[in-house]
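This report refers to the structure that appears directly beneath it.
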Amino acid sequence: MESKNGDKIWKRREIEEPLINSLLVLRGIVGLVETNFKLVKYDEQRSAGIISCFHKHVDLVRSAILMAGYRLDNTVMYTVKTTGTLKKAIKILESMPKIISHNFVDTRKE
Amino acid sequence: MRKFYDLYIVASTEDIPKFLERGLKLGYRGIAISGLSISTREKLEIDLNVEIISRLDLYFDRNIQAKRILRKERRNFEIIVAHPKNVNAARFSARDRRIDMINFHGNEHLFGPVQAKLMANEGKILEVCLKRIRVLNKKSSLRTLFSIIRRYYNMLTLAREMGVDVVCSSGASDPYEMHPPRDIAAFISTLGLGDRAIYSLSKIPMSIVERNRLKLSNKFIAPGVMLLDE
């Protein structure tokens, strides 16, 4: 996740709620259950986390992530990488920098 | 490796490097800047591995306006996109060979079965941009969400049924509004485009750009007639 106005630290619950909401909007409760969606790990320092889901519903979870980003003000949420094992996912998460560096300046007027 | 293109970016000349940097980070190979002509692009001194494509957006409700601009500007831009405001304009956009893509943002009701069939026959491409989804925020109601998703779903399912090629672009006016191509592909795939979604960010935009670059080159004489190297 990247925050437009500085490095805002998001709590795990603040992230999980819009994700579940987006999934519910896209596929309903049955769809949510079928995806087997779970926020396995969330690192507040890195503003990044690991989501596990059923492999056939990766596209649905990716779309939910895209939509959830808009529901968090001034924040962009996106998928960094999709992997098949938790071990690799943890490795990718740990390779990410602790404080997200911003190369871009927000040009949007307040 | 697949080459991804974002064919709709709204940026001023000073902001282009920021968009290019962001595009490179997200895995894009090329981005199209709205209103940037070929001559202006050649003056830019940017050294990044992301191509800049020039694009013209045509908003019109009377065909004569469009014809006048097309006559003047066709050779100054690589891609021309029509934003029709009424049925007549939409039909004209589907028939005219100088127009590459049609964007129905804000007038989605114009993309009906008749329009879709005409576009499929004429080989016109439907552009779907993610501008509408940006209306969402923390306070958005379920009703708003539903109406947004319904619009995308209707357009994409109709395009798939009728065999209309789709290009999906971000329509970003801020570097943060750009998304990774695979996320966008997943989104439109979920909303009705299915397996063809990935092509709407890679194969189809690339073919438009290559085709138009060939047409604008000195080698092109007429459709089907080319000047070969000596």
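Every chain in the structure tokens takes a letter, A first, then B, and so on in the order presented; its residues are numbered from 1, and the ligands are numbered from 1 following the presented order.
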Within 9 Å of chain A, which residues belong to chain B? Use only C-alpha atoms and report them as a PyMOL selection string.
chain B and resi 15+18-19+21-22+133-140+142+145-146+149+173-180+182-191
For the strand (DSSP E or B) assignment from backbone DSSP, which residues of chain A qualify? Please present them as a PyMOL selection string.
chain A and resi 2-3+38-43+48-52+75-76
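Candidate residues A:Glu44, A:Leu39, A:Trp10, A:Glu34 were compared for distance to A:Lys56, and the nearest is A:Glu34, using only C-alpha atoms.
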How far is it from atom CA of B:Asp47 to atom CA of B:Pro17, in Å with one decimal?
9.2 Å
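For stretch 1-11 of chain B, the list of residues within 8 Å, based on only C-alpha atoms and with local chain neighbours fewer than 4 positions off taken out, reads Asp15, Ile16, Gly27, Tyr28, Arg29, Gly30, Ile31, Ala32, Ile33, Ser34, Ile53, Cys129, Cys168, Ser169, Ser170, Gly171, Ala172, Ser173, Asp174, Pro181, Leu201, Ser202, Lys203, Pro205 and Met206 of chain B.
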Quick one: residues within 10 Å of B:Val87, only C-alpha atoms counted, chain neighbours fewer than 5 positions away excluded, as a PyMOL selection string?
chain B and resi 61+92-93+107+109-112+115
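If you measure from each of B:Lys131, B:Arg98, B:Arg196, B:Arg91 to B:Val114 using only C-alpha atoms, the closest one turns out to be B:Arg91.
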Where does DSSP see alpha helix (DSSP H) in stretch 21-208 of chain B, if you list the residues as a ChimeraX atom specification?
/B:21-26,38-43,63-73,87-95,113-122,142-162,181-188,203-208
Nearby residues (only C-alpha atoms) at most 12 Å from B:Glu45, same-chain spacing under 2 positions excluded, as number ranges by chain
B: 13-14, 16-17, 40-43, 47-48, 52
